[in-house]
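These notes are about the structure you will find just below.
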Amino acid sequence: QVQLVESGGGLVQPGGSLKLTCAAPEQFFRVYPMGWYRQAPGKQRELLAVIAPGGRPDYYEPALGRFTISKDNTKKEVYLQMTNLRPEDTAVYYCNVGRSPRNDAWGQGTQVTVSS
């Protein structure tokens, strides 16, 4: 099983910002496009953003215009900078392979709660 570790979640007010971090094994990090997903209570998991091994980002609704994906090749970390957060962004956020997530790679995720 691959160990992906997400961190950086928390409670934030509407309009606030958070930066999430995903630590991945080196071989995973170098070979696969990495993505951020989220799952809200009662809803399906959805893909937010993907970053290719070469660094090109792609975004999906509802991340467009508010979220930025990036990575640090030295640290083997992938980041999701989230701005202008809304209550509907409340969810557990996960990282995994982008677009084709591996079932053996889901971590525990990090909880993001947007509330006043």
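Residue names in the structure tokens use chain letters A, B, ... in the order shown, residue numbers from 1 in each chain, and ligand numbers from 1 in the order shown.
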Backbone DSSP call of strand (DSSP E) for chain A, listed as a VMD selection string = chain A and resid 5 to 7 10 to 12 18 to 23 34 to 39 46 to 51 57 to 59 67 to 72 77 to 82 91 to 97 110 to 114
List the spatial neighbours of Arg66 of chain A as a JSON list (two decimals) with all heavy atoms, in the first residue's frame - criterion: any atom at most 7 Å away, only C-alpha atoms, same-chain residues fewer than 6 positions off excluded.
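Generated file (out36.json):
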```
[["chain", "number", "residue", "atom", "x", "y", "z"],
["A", 82, "MET", "N", -5.81, 27.25, -1.33],
["A", 82, "MET", "CA", -7.23, 27.54, -1.51],
["A", 82, "MET", "C", -7.53, 28.94, -0.99],
["A", 82, "MET", "O", -7.14, 29.29, 0.13],
["A", 82, "MET", "CB", -8.07, 26.52, -0.75],
["A", 82, "MET", "CG", -7.76, 25.08, -1.15],
["A", 82, "MET", "SD", -8.88, 23.88, -0.40],
["A", 82, "MET", "CE", -8.44, 24.07, 1.33],
["A", 83, "THR", "N", -8.19, 29.73, -1.79],
["A", 83, "THR", "CA", -8.55, 31.09, -1.41],
["A", 83, "THR", "C", -10.05, 31.29, -1.55],
["A", 83, "THR", "O", -10.75, 30.50, -2.20],
["A", 83, "THR", "CB", -7.81, 32.11, -2.28],
["A", 83, "THR", "OG1", -8.20, 31.94, -3.64],
["A", 83, "THR", "CG2", -6.31, 31.94, -2.18],
["A", 84, "ASN", "N", -10.53, 32.38, -0.95],
["A", 84, "ASN", "CA", -11.95, 32.73, -1.02],
["A", 84, "ASN", "C", -12.84, 31.52, -0.70],
["A", 84, "ASN", "O", -13.77, 31.20, -1.45],
["A", 84, "ASN", "CB", -12.29, 33.30, -2.40],
["A", 84, "ASN", "CG", -13.65, 33.94, -2.46],
["A", 84, "ASN", "OD1", -14.20, 34.35, -1.42],
["A", 84, "ASN", "ND2", -14.22, 34.02, -3.65]]
```
Using only C-alpha atoms, the best pick from A:Thr68, A:Gly109, A:Ser116, A:Ala52 as closest to Leu4 of chain A would be A:Gly109
Considering only C-alpha atoms, state which residue in the set A:Val97, A:Leu47, A:Ala91, A:Leu85 is at the smallest distance from Val2 of chain A.
->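 Closest to Val2 of chain A, using only C-alpha atoms: A:Val97.
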Selection near Glu26 of chain A, 9 Å with only C-alpha atoms, sequence-local residues under 5 positions removed, as a VMD selection string = chain A and resid 31 73 76
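In this comparison, which uses only C-alpha atoms, the residue of A:Pro87, A:Tyr79, A:Lys71, A:Ala49 approaching Gly16 of chain A most closely is A:Pro87.
Residues with any atom within 9 Å of Val92 of chain A, counting only C-alpha atoms and excluding same-chain neighbours fewer than 4 positions away, are Gly9, Tyr37, Arg38, Gln39, Ala40, Pro41, Gln108, Gly109, Thr110, Gln111, Val112 and Thr113 of chain A.
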Pull N, CA and C atoms from the residues just selected and write them as a compact mmCIF listing (two decimals), in the first residue's frame.
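The resulting again38.txt:
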```txt
# COMPACT_ATOMS: atom_id res chain seq x y z
N GLY A 9 -5.41 21.01 6.85
CA GLY A 9 -6.81 21.39 6.98
C GLY A 9 -7.08 22.08 8.30
N TYR A 37 -8.38 15.76 -4.42
CA TYR A 37 -9.79 15.41 -4.46
C TYR A 37 -10.43 15.87 -3.15
N ARG A 38 -11.74 15.88 -3.15
CA ARG A 38 -12.44 16.13 -1.89
C ARG A 38 -13.75 15.37 -1.86
N GLN A 39 -14.22 15.12 -0.66
CA GLN A 39 -15.50 14.45 -0.48
C GLN A 39 -16.25 15.11 0.65
N ALA A 40 -17.39 15.66 0.32
CA ALA A 40 -18.25 16.28 1.31
C ALA A 40 -19.25 15.23 1.81
N PRO A 41 -19.80 15.44 3.02
CA PRO A 41 -20.77 14.47 3.55
C PRO A 41 -21.93 14.24 2.61
N GLN A 108 -5.90 9.21 4.90
CA GLN A 108 -7.00 9.59 5.78
C GLN A 108 -7.58 10.95 5.41
N GLY A 109 -6.87 11.69 4.61
CA GLY A 109 -7.35 12.99 4.20
C GLY A 109 -7.17 14.03 5.30
N THR A 110 -7.54 15.26 4.95
CA THR A 110 -7.48 16.34 5.92
C THR A 110 -8.79 17.12 5.86
N GLN A 111 -9.38 17.35 7.01
CA GLN A 111 -10.70 17.98 7.09
C GLN A 111 -10.58 19.49 6.92
N VAL A 112 -11.38 20.03 6.03
CA VAL A 112 -11.50 21.48 5.87
C VAL A 112 -12.93 21.86 6.21
N THR A 113 -13.08 22.78 7.13
CA THR A 113 -14.40 23.26 7.53
C THR A 113 -14.43 24.77 7.36
```
Considering only C-alpha atoms, return as a list of chain:residue names whatever protein or nucleic-acid residues lie within 10 Å of Gly35 of chain A, sequence-local ones (same chain, fewer than 5 positions apart) excluded.
->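 In the requested format, the answer is A:Cys22, A:Leu47, A:Leu48, A:Ala49, A:Val50, A:Ile51, A:Ala52, A:Pro57, A:Asp58, A:Tyr59, A:Ile69, A:Val78, A:Tyr79, A:Leu80, A:Tyr94, A:Cys95, A:Asn96, A:Val97, A:Gly98, A:Arg99, A:Ser100, A:Pro101.
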